[in-house]
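Below is model10.txt, which holds compact mmCIF, N, CA and C atoms.
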```txt
# COMPACT_ATOMS: atom_id res chain seq x y z
N MET A 1 59.37 129.30 -93.74
CA MET A 1 58.78 130.60 -93.55
C MET A 1 59.87 131.57 -93.09
N MET A 2 59.94 132.69 -93.77
CA MET A 2 61.00 133.66 -93.51
C MET A 2 60.72 134.55 -92.29
N THR A 3 59.52 134.46 -91.74
CA THR A 3 59.16 135.32 -90.61
C THR A 3 60.05 135.06 -89.41
N ARG A 4 60.46 133.82 -89.21
CA ARG A 4 61.33 133.54 -88.06
C ARG A 4 62.69 134.21 -88.22
N TYR A 5 63.17 134.34 -89.46
CA TYR A 5 64.43 135.05 -89.67
C TYR A 5 64.24 136.56 -89.52
N LEU A 6 63.08 137.05 -89.91
CA LEU A 6 62.77 138.46 -89.69
C LEU A 6 62.74 138.76 -88.20
N ALA A 7 62.11 137.88 -87.42
CA ALA A 7 62.08 138.06 -85.97
C ALA A 7 63.48 138.02 -85.37
N LEU A 8 64.33 137.17 -85.89
CA LEU A 8 65.72 137.12 -85.42
C LEU A 8 66.44 138.43 -85.74
N GLY A 9 66.18 138.98 -86.92
CA GLY A 9 66.75 140.27 -87.29
C GLY A 9 66.24 141.41 -86.41
N ILE A 10 64.96 141.35 -86.04
CA ILE A 10 64.40 142.37 -85.15
C ILE A 10 65.07 142.30 -83.79
N GLY A 11 65.31 141.09 -83.30
CA GLY A 11 66.02 140.94 -82.03
C GLY A 11 67.42 141.53 -82.10
N ALA A 12 68.10 141.28 -83.21
CA ALA A 12 69.44 141.86 -83.38
C ALA A 12 69.35 143.39 -83.45
N TRP A 13 68.32 143.91 -84.11
CA TRP A 13 68.17 145.37 -84.19
C TRP A 13 67.97 145.98 -82.81
N TYR A 14 67.10 145.35 -82.00
CA TYR A 14 66.87 145.87 -80.65
C TYR A 14 68.17 145.92 -79.86
N VAL A 15 69.02 144.91 -80.00
CA VAL A 15 70.29 144.90 -79.27
C VAL A 15 71.23 145.98 -79.80
N LEU A 16 71.23 146.19 -81.12
CA LEU A 16 72.15 147.16 -81.71
C LEU A 16 71.66 148.60 -81.65
N ALA A 17 70.36 148.82 -81.53
CA ALA A 17 69.80 150.16 -81.58
C ALA A 17 70.40 151.13 -80.56
N PRO A 18 70.61 150.73 -79.30
CA PRO A 18 71.21 151.68 -78.36
C PRO A 18 72.60 152.16 -78.79
N PHE A 19 73.35 151.29 -79.46
CA PHE A 19 74.68 151.68 -79.94
C PHE A 19 74.57 152.59 -81.16
N LEU A 20 73.67 152.23 -82.09
CA LEU A 20 73.55 152.99 -83.33
C LEU A 20 72.89 154.35 -83.13
N TRP A 21 71.88 154.43 -82.27
CA TRP A 21 71.20 155.70 -82.01
C TRP A 21 71.89 156.51 -80.93
N GLY A 22 72.80 155.91 -80.19
CA GLY A 22 73.55 156.64 -79.16
C GLY A 22 72.73 156.92 -77.91
N TYR A 23 71.94 155.93 -77.46
CA TYR A 23 71.19 156.12 -76.22
C TYR A 23 72.17 156.34 -75.08
N PRO A 24 71.82 157.18 -74.12
CA PRO A 24 72.67 157.28 -72.92
C PRO A 24 72.53 155.99 -72.10
N LEU A 25 73.61 155.60 -71.48
CA LEU A 25 73.60 154.37 -70.68
C LEU A 25 72.64 154.56 -69.52
N GLY A 26 71.67 153.70 -69.44
CA GLY A 26 70.64 153.80 -68.41
C GLY A 26 69.52 152.83 -68.71
N PHE A 27 68.32 153.16 -68.23
CA PHE A 27 67.19 152.25 -68.37
C PHE A 27 66.86 151.97 -69.83
N ASN A 28 66.75 153.00 -70.66
CA ASN A 28 66.37 152.79 -72.07
C ASN A 28 67.37 151.90 -72.78
N TRP A 29 68.62 152.08 -72.49
CA TRP A 29 69.68 151.29 -73.11
C TRP A 29 69.50 149.82 -72.76
N TRP A 30 69.38 149.55 -71.46
CA TRP A 30 69.24 148.16 -71.01
C TRP A 30 67.90 147.57 -71.41
N ASN A 31 66.86 148.38 -71.43
CA ASN A 31 65.54 147.91 -71.82
C ASN A 31 65.58 147.35 -73.24
N ASP A 32 66.16 148.07 -74.17
CA ASP A 32 66.22 147.60 -75.55
C ASP A 32 67.12 146.39 -75.71
N VAL A 33 68.21 146.34 -74.98
CA VAL A 33 69.10 145.18 -75.05
C VAL A 33 68.39 143.93 -74.53
N VAL A 34 67.65 144.06 -73.44
CA VAL A 34 66.93 142.91 -72.88
C VAL A 34 65.79 142.49 -73.80
N ILE A 35 65.05 143.47 -74.35
CA ILE A 35 63.99 143.14 -75.30
C ILE A 35 64.59 142.41 -76.51
N GLY A 36 65.69 142.90 -77.01
CA GLY A 36 66.34 142.26 -78.15
C GLY A 36 66.78 140.85 -77.86
N ALA A 37 67.33 140.63 -76.68
CA ALA A 37 67.75 139.28 -76.30
C ALA A 37 66.54 138.35 -76.20
N ALA A 38 65.43 138.86 -75.67
CA ALA A 38 64.22 138.04 -75.55
C ALA A 38 63.67 137.70 -76.93
N VAL A 39 63.60 138.69 -77.82
CA VAL A 39 63.09 138.44 -79.17
C VAL A 39 63.99 137.46 -79.91
N ALA A 40 65.30 137.62 -79.78
CA ALA A 40 66.23 136.72 -80.45
C ALA A 40 66.12 135.29 -79.90
N ALA A 41 65.94 135.16 -78.60
CA ALA A 41 65.81 133.82 -78.00
C ALA A 41 64.52 133.14 -78.47
N ILE A 42 63.44 133.90 -78.51
CA ILE A 42 62.17 133.33 -78.98
C ILE A 42 62.26 132.96 -80.45
N ALA A 43 62.86 133.84 -81.26
CA ALA A 43 63.00 133.55 -82.69
C ALA A 43 63.91 132.34 -82.92
N THR A 44 64.92 132.19 -82.10
CA THR A 44 65.81 131.04 -82.22
C THR A 44 65.08 129.73 -81.90
N SER A 45 64.10 129.81 -81.00
CA SER A 45 63.34 128.59 -80.69
C SER A 45 62.58 128.09 -81.91
N TYR A 46 62.25 128.97 -82.84
CA TYR A 46 61.58 128.54 -84.07
C TYR A 46 62.53 127.87 -85.05
N LEU A 47 63.80 128.07 -84.88
CA LEU A 47 64.75 127.35 -85.73
C LEU A 47 64.85 125.88 -85.32
N VAL A 48 64.47 125.58 -84.07
CA VAL A 48 64.51 124.22 -83.56
C VAL A 48 63.21 123.49 -83.89
N SER A 49 62.07 124.10 -83.56
CA SER A 49 60.78 123.48 -83.84
C SER A 49 59.69 124.55 -83.83
N TRP A 50 58.54 124.23 -84.40
CA TRP A 50 57.41 125.15 -84.42
C TRP A 50 56.66 125.05 -83.11
N ASN A 51 56.25 126.18 -82.58
CA ASN A 51 55.45 126.18 -81.36
C ASN A 51 54.56 127.42 -81.34
N ARG A 52 53.41 127.30 -80.72
CA ARG A 52 52.50 128.44 -80.63
C ARG A 52 52.85 129.34 -79.47
N ILE A 53 53.40 128.79 -78.43
CA ILE A 53 53.73 129.57 -77.23
C ILE A 53 54.73 130.66 -77.58
N GLY A 54 55.70 130.34 -78.41
CA GLY A 54 56.70 131.34 -78.80
C GLY A 54 56.08 132.51 -79.53
N GLY A 55 55.09 132.25 -80.36
CA GLY A 55 54.40 133.33 -81.06
C GLY A 55 53.68 134.26 -80.11
N TRP A 56 53.00 133.67 -79.12
CA TRP A 56 52.32 134.49 -78.11
C TRP A 56 53.33 135.27 -77.27
N ALA A 57 54.45 134.64 -76.94
CA ALA A 57 55.49 135.34 -76.17
C ALA A 57 56.08 136.50 -76.97
N LEU A 58 56.27 136.27 -78.26
CA LEU A 58 56.79 137.34 -79.13
C LEU A 58 55.80 138.50 -79.20
N MET A 59 54.52 138.19 -79.26
CA MET A 59 53.52 139.25 -79.26
C MET A 59 53.53 140.01 -77.94
N ALA A 60 53.69 139.31 -76.82
CA ALA A 60 53.74 139.97 -75.51
C ALA A 60 54.94 140.90 -75.41
N VAL A 61 56.09 140.46 -75.90
CA VAL A 61 57.29 141.30 -75.87
C VAL A 61 57.08 142.53 -76.76
N GLY A 62 56.42 142.35 -77.91
CA GLY A 62 56.13 143.47 -78.80
C GLY A 62 55.20 144.48 -78.16
N TYR A 63 54.14 143.99 -77.48
CA TYR A 63 53.24 144.90 -76.78
C TYR A 63 53.97 145.64 -75.67
N TYR A 64 54.83 144.94 -74.95
CA TYR A 64 55.63 145.60 -73.91
C TYR A 64 56.49 146.70 -74.52
N SER A 65 57.11 146.41 -75.66
CA SER A 65 57.96 147.40 -76.31
C SER A 65 57.17 148.63 -76.71
N MET A 66 55.94 148.43 -77.18
CA MET A 66 55.11 149.57 -77.57
C MET A 66 54.67 150.39 -76.37
N LEU A 67 54.42 149.73 -75.25
CA LEU A 67 53.93 150.44 -74.06
C LEU A 67 55.04 151.00 -73.18
N ALA A 68 56.26 150.51 -73.31
CA ALA A 68 57.36 150.93 -72.44
C ALA A 68 57.61 152.44 -72.44
N PRO A 69 57.58 153.13 -73.59
CA PRO A 69 57.80 154.58 -73.52
C PRO A 69 56.76 155.31 -72.68
N PHE A 70 55.54 154.79 -72.65
CA PHE A 70 54.49 155.42 -71.87
C PHE A 70 54.57 155.02 -70.40
N MET A 71 54.90 153.76 -70.14
CA MET A 71 54.98 153.28 -68.76
C MET A 71 56.16 153.89 -68.01
N PHE A 72 57.28 154.06 -68.71
CA PHE A 72 58.50 154.51 -68.04
C PHE A 72 58.88 155.94 -68.41
N ASP A 73 57.98 156.63 -69.12
CA ASP A 73 58.07 158.06 -69.40
C ASP A 73 59.40 158.47 -70.03
N TYR A 74 59.69 157.87 -71.18
CA TYR A 74 60.82 158.36 -71.96
C TYR A 74 60.36 158.82 -73.33
N LEU A 75 59.22 159.46 -73.35
CA LEU A 75 58.65 159.99 -74.59
C LEU A 75 59.50 161.12 -75.17
N GLN A 76 60.21 161.84 -74.33
CA GLN A 76 61.03 162.96 -74.80
C GLN A 76 62.28 162.50 -75.56
N GLN A 77 62.65 161.24 -75.42
CA GLN A 77 63.80 160.71 -76.16
C GLN A 77 63.28 160.09 -77.46
N SER A 78 63.27 160.90 -78.51
CA SER A 78 62.55 160.52 -79.73
C SER A 78 63.08 159.25 -80.39
N PHE A 79 64.40 159.04 -80.41
CA PHE A 79 64.92 157.83 -81.04
C PHE A 79 64.45 156.58 -80.30
N ALA A 80 64.55 156.60 -78.99
CA ALA A 80 64.12 155.45 -78.20
C ALA A 80 62.62 155.25 -78.32
N TYR A 81 61.86 156.32 -78.29
CA TYR A 81 60.40 156.24 -78.37
C TYR A 81 59.96 155.63 -79.69
N TRP A 82 60.43 156.19 -80.80
CA TRP A 82 60.01 155.70 -82.11
C TRP A 82 60.56 154.31 -82.41
N ASN A 83 61.76 154.04 -81.97
CA ASN A 83 62.33 152.70 -82.16
C ASN A 83 61.46 151.66 -81.47
N ASP A 84 61.14 151.89 -80.22
CA ASP A 84 60.35 150.91 -79.47
C ASP A 84 58.93 150.80 -80.01
N LEU A 85 58.36 151.91 -80.43
CA LEU A 85 56.99 151.88 -80.95
C LEU A 85 56.90 151.16 -82.29
N VAL A 86 57.74 151.55 -83.24
CA VAL A 86 57.69 150.96 -84.59
C VAL A 86 58.08 149.48 -84.57
N PHE A 87 59.18 149.17 -83.90
CA PHE A 87 59.61 147.78 -83.88
C PHE A 87 58.73 146.92 -82.97
N GLY A 88 58.04 147.54 -82.03
CA GLY A 88 57.05 146.80 -81.25
C GLY A 88 55.90 146.34 -82.12
N VAL A 89 55.43 147.22 -83.00
CA VAL A 89 54.35 146.85 -83.93
C VAL A 89 54.81 145.71 -84.85
N ILE A 90 56.02 145.82 -85.37
CA ILE A 90 56.55 144.78 -86.26
C ILE A 90 56.71 143.46 -85.49
N THR A 91 57.15 143.53 -84.25
CA THR A 91 57.33 142.34 -83.43
C THR A 91 55.99 141.65 -83.16
N VAL A 92 54.96 142.44 -82.88
CA VAL A 92 53.63 141.86 -82.67
C VAL A 92 53.16 141.16 -83.94
N GLY A 93 53.37 141.79 -85.09
CA GLY A 93 52.99 141.17 -86.36
C GLY A 93 53.72 139.87 -86.61
N CYS A 94 55.02 139.86 -86.34
CA CYS A 94 55.80 138.61 -86.51
C CYS A 94 55.31 137.54 -85.55
N GLY A 95 54.99 137.93 -84.32
CA GLY A 95 54.49 136.96 -83.35
C GLY A 95 53.18 136.36 -83.78
N ALA A 96 52.28 137.19 -84.33
CA ALA A 96 50.99 136.68 -84.80
C ALA A 96 51.19 135.72 -85.96
N MET A 97 52.08 136.06 -86.87
CA MET A 97 52.33 135.18 -88.01
C MET A 97 52.97 133.86 -87.57
N LEU A 98 53.89 133.93 -86.62
CA LEU A 98 54.55 132.70 -86.15
C LEU A 98 53.61 131.85 -85.31
N ALA A 99 52.71 132.47 -84.56
CA ALA A 99 51.73 131.70 -83.80
C ALA A 99 50.79 130.96 -84.75
N ALA A 100 50.37 131.63 -85.81
CA ALA A 100 49.50 130.99 -86.80
C ALA A 100 50.26 129.87 -87.53
N ALA A 101 51.51 130.10 -87.84
CA ALA A 101 52.32 129.06 -88.49
C ALA A 101 52.55 127.89 -87.55
N GLY A 102 52.67 128.16 -86.26
CA GLY A 102 52.84 127.08 -85.30
C GLY A 102 51.62 126.18 -85.24
N ILE A 103 50.44 126.75 -85.42
CA ILE A 103 49.22 125.95 -85.46
C ILE A 103 49.24 125.07 -86.71
N THR A 104 49.55 125.67 -87.85
CA THR A 104 49.53 124.94 -89.11
C THR A 104 50.60 123.86 -89.16
N TYR A 105 51.85 124.25 -88.93
CA TYR A 105 52.96 123.29 -89.03
C TYR A 105 52.99 122.33 -87.86
N GLY A 106 52.61 122.80 -86.68
CA GLY A 106 52.62 121.91 -85.52
C GLY A 106 51.63 120.78 -85.67
N GLU A 107 50.43 121.06 -86.21
CA GLU A 107 49.43 120.01 -86.37
C GLU A 107 49.81 119.03 -87.46
N SER A 108 50.43 119.53 -88.54
CA SER A 108 50.78 118.62 -89.63
C SER A 108 51.97 117.74 -89.24
N ALA A 109 52.82 118.22 -88.35
CA ALA A 109 53.99 117.44 -87.96
C ALA A 109 53.62 116.36 -86.94
N SER A 110 52.65 116.64 -86.06
CA SER A 110 52.34 115.69 -85.01
C SER A 110 51.11 114.86 -85.30
N GLY A 111 50.44 115.12 -86.38
CA GLY A 111 49.24 114.37 -86.73
C GLY A 111 47.98 115.09 -86.28
N ALA A 112 46.86 114.61 -86.70
CA ALA A 112 45.58 115.24 -86.37
C ALA A 112 45.26 115.01 -84.90
N ALA A 113 44.49 115.94 -84.35
CA ALA A 113 44.10 115.82 -82.94
C ALA A 113 43.21 114.61 -82.76
N GLY A 114 43.44 113.86 -81.75
CA GLY A 114 42.65 112.69 -81.45
C GLY A 114 43.08 111.44 -82.20
N ALA A 115 44.10 111.54 -83.04
CA ALA A 115 44.53 110.37 -83.80
C ALA A 115 45.60 109.61 -83.06
```
I'd like the structure from this file rewritten - as structure tokens, please.
Amino acid sequence: MMTRYLALGIGAWYVLAPFLWGYPLGFNWWNDVVIGAAVAAIATSYLVSWNRIGGWALMAVGYYSMLAPFMFDYLQQSFAYWNDLVFGVITVGCGAMLAAAGITYGESASGAAGA
């Protein structure tokens, strides 16, 4: 499933976005770098094995990314606002897909429940 590689790319984008968009060094800069590192770490866990927890964690990070501009009031910085909002939605979608894949692949790899 290519979704795990997409999630890895999203993590890399979050880390690179402050450099490419020219965010001023401060909270927004570090916020996106930390979000990117978290997304990349979770996506990397899918390269090792399938798990449902990682999908839920990816969704939580995506929701945080979408809410961060409102919680920390950086709506006036349009690049940071739109970056976090759009990629937050994509991150939530990837997390949902990976959580569903973790159910499917995890059960087939470990056998049926109760067996």
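In this structure, CA of Pro24 in chain A sits 13.1 Å away from CA of Gln76 in chain A.
In this model, the gap between CA of Ala99 in chain A and atom N of Gly11 in chain A comes to 16.5 Å.
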**Request:** List every residue of chain A that DSSP, applied to the backbone, labels as helix (DSSP H, G or I), and write the result as a ChimeraX atom specification.
**Result:** /A:3-21,27-48,52-71,78-110
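Of the residues under consideration (A:Leu98, A:Phe70, A:Val92, A:Trp13), A:Val92 shows the shortest atom-to-atom contact distance to Leu58 in chain A when counting all atoms listed in the file.
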**Asked** Which one is closest to Leu85 in chain A: A:Leu25, A:Ala57, A:Met66, A:Met71? Count all atoms listed in the file.
**Response** A:Met66
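Atom pair atom N of Phe72 in chain A / atom N of Val33 in chain A has a distance of 14.8 Å (rounded to one decimal).
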**Pick from A:Val34, A:Leu67, A:Met2, A:Gln77, whichever lies nearest to Tyr14 in chain A using only N, CA and C atoms** = A:Val34
Which polymer residues have any atom within 10 Å of an atom of Val86 in chain A, counting only C-alpha atoms, with same-chain residues fewer than 5 positions away left out, as a PDB file with N, CA and C atoms, in the frame of the given file?
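Wrote it out as out_37.pdb, contents follow:
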```
ATOM      1  N   GLY A  62      56.420 142.350 -77.910  1.00  0.00           N
ATOM      2  CA  GLY A  62      56.130 143.470 -78.800  1.00  0.00           C
ATOM      3  C   GLY A  62      55.200 144.480 -78.160  1.00  0.00           C
ATOM      4  N   SER A  65      57.110 146.410 -75.660  1.00  0.00           N
ATOM      5  CA  SER A  65      57.960 147.400 -76.310  1.00  0.00           C
ATOM      6  C   SER A  65      57.170 148.630 -76.710  1.00  0.00           C
ATOM      7  N   MET A  66      55.940 148.430 -77.180  1.00  0.00           N
ATOM      8  CA  MET A  66      55.110 149.570 -77.570  1.00  0.00           C
ATOM      9  C   MET A  66      54.670 150.390 -76.370  1.00  0.00           C
ATOM     10  N   TYR A  81      61.860 156.320 -78.290  1.00  0.00           N
ATOM     11  CA  TYR A  81      60.400 156.240 -78.370  1.00  0.00           C
ATOM     12  C   TYR A  81      59.960 155.630 -79.690  1.00  0.00           C
ATOM     13  N   THR A  91      57.150 143.530 -84.250  1.00  0.00           N
ATOM     14  CA  THR A  91      57.330 142.340 -83.430  1.00  0.00           C
ATOM     15  C   THR A  91      55.990 141.650 -83.160  1.00  0.00           C
TER      16      THR A  91
END
```
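Candidate residues A:Gly88, A:Ala40, A:Gly93, A:Ser78 were compared for distance to Leu8 in chain A, and the nearest is A:Ala40, using all atoms listed in the file.
Those residues that approach Ile10 in chain A to within 7 Å, counting all atoms listed in the file, are Tyr5, Leu6, Tyr14, Val15, Gly36, Val39 and Ala40 of chain A; same-chain residues fewer than 4 positions away are not listed.
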**Fill in**
Between A:Tyr23, A:Ala12, A:Ala7, A:Trp56, smallest distance to Ala80 in chain A by only C-alpha atoms belongs to A:Tyr23
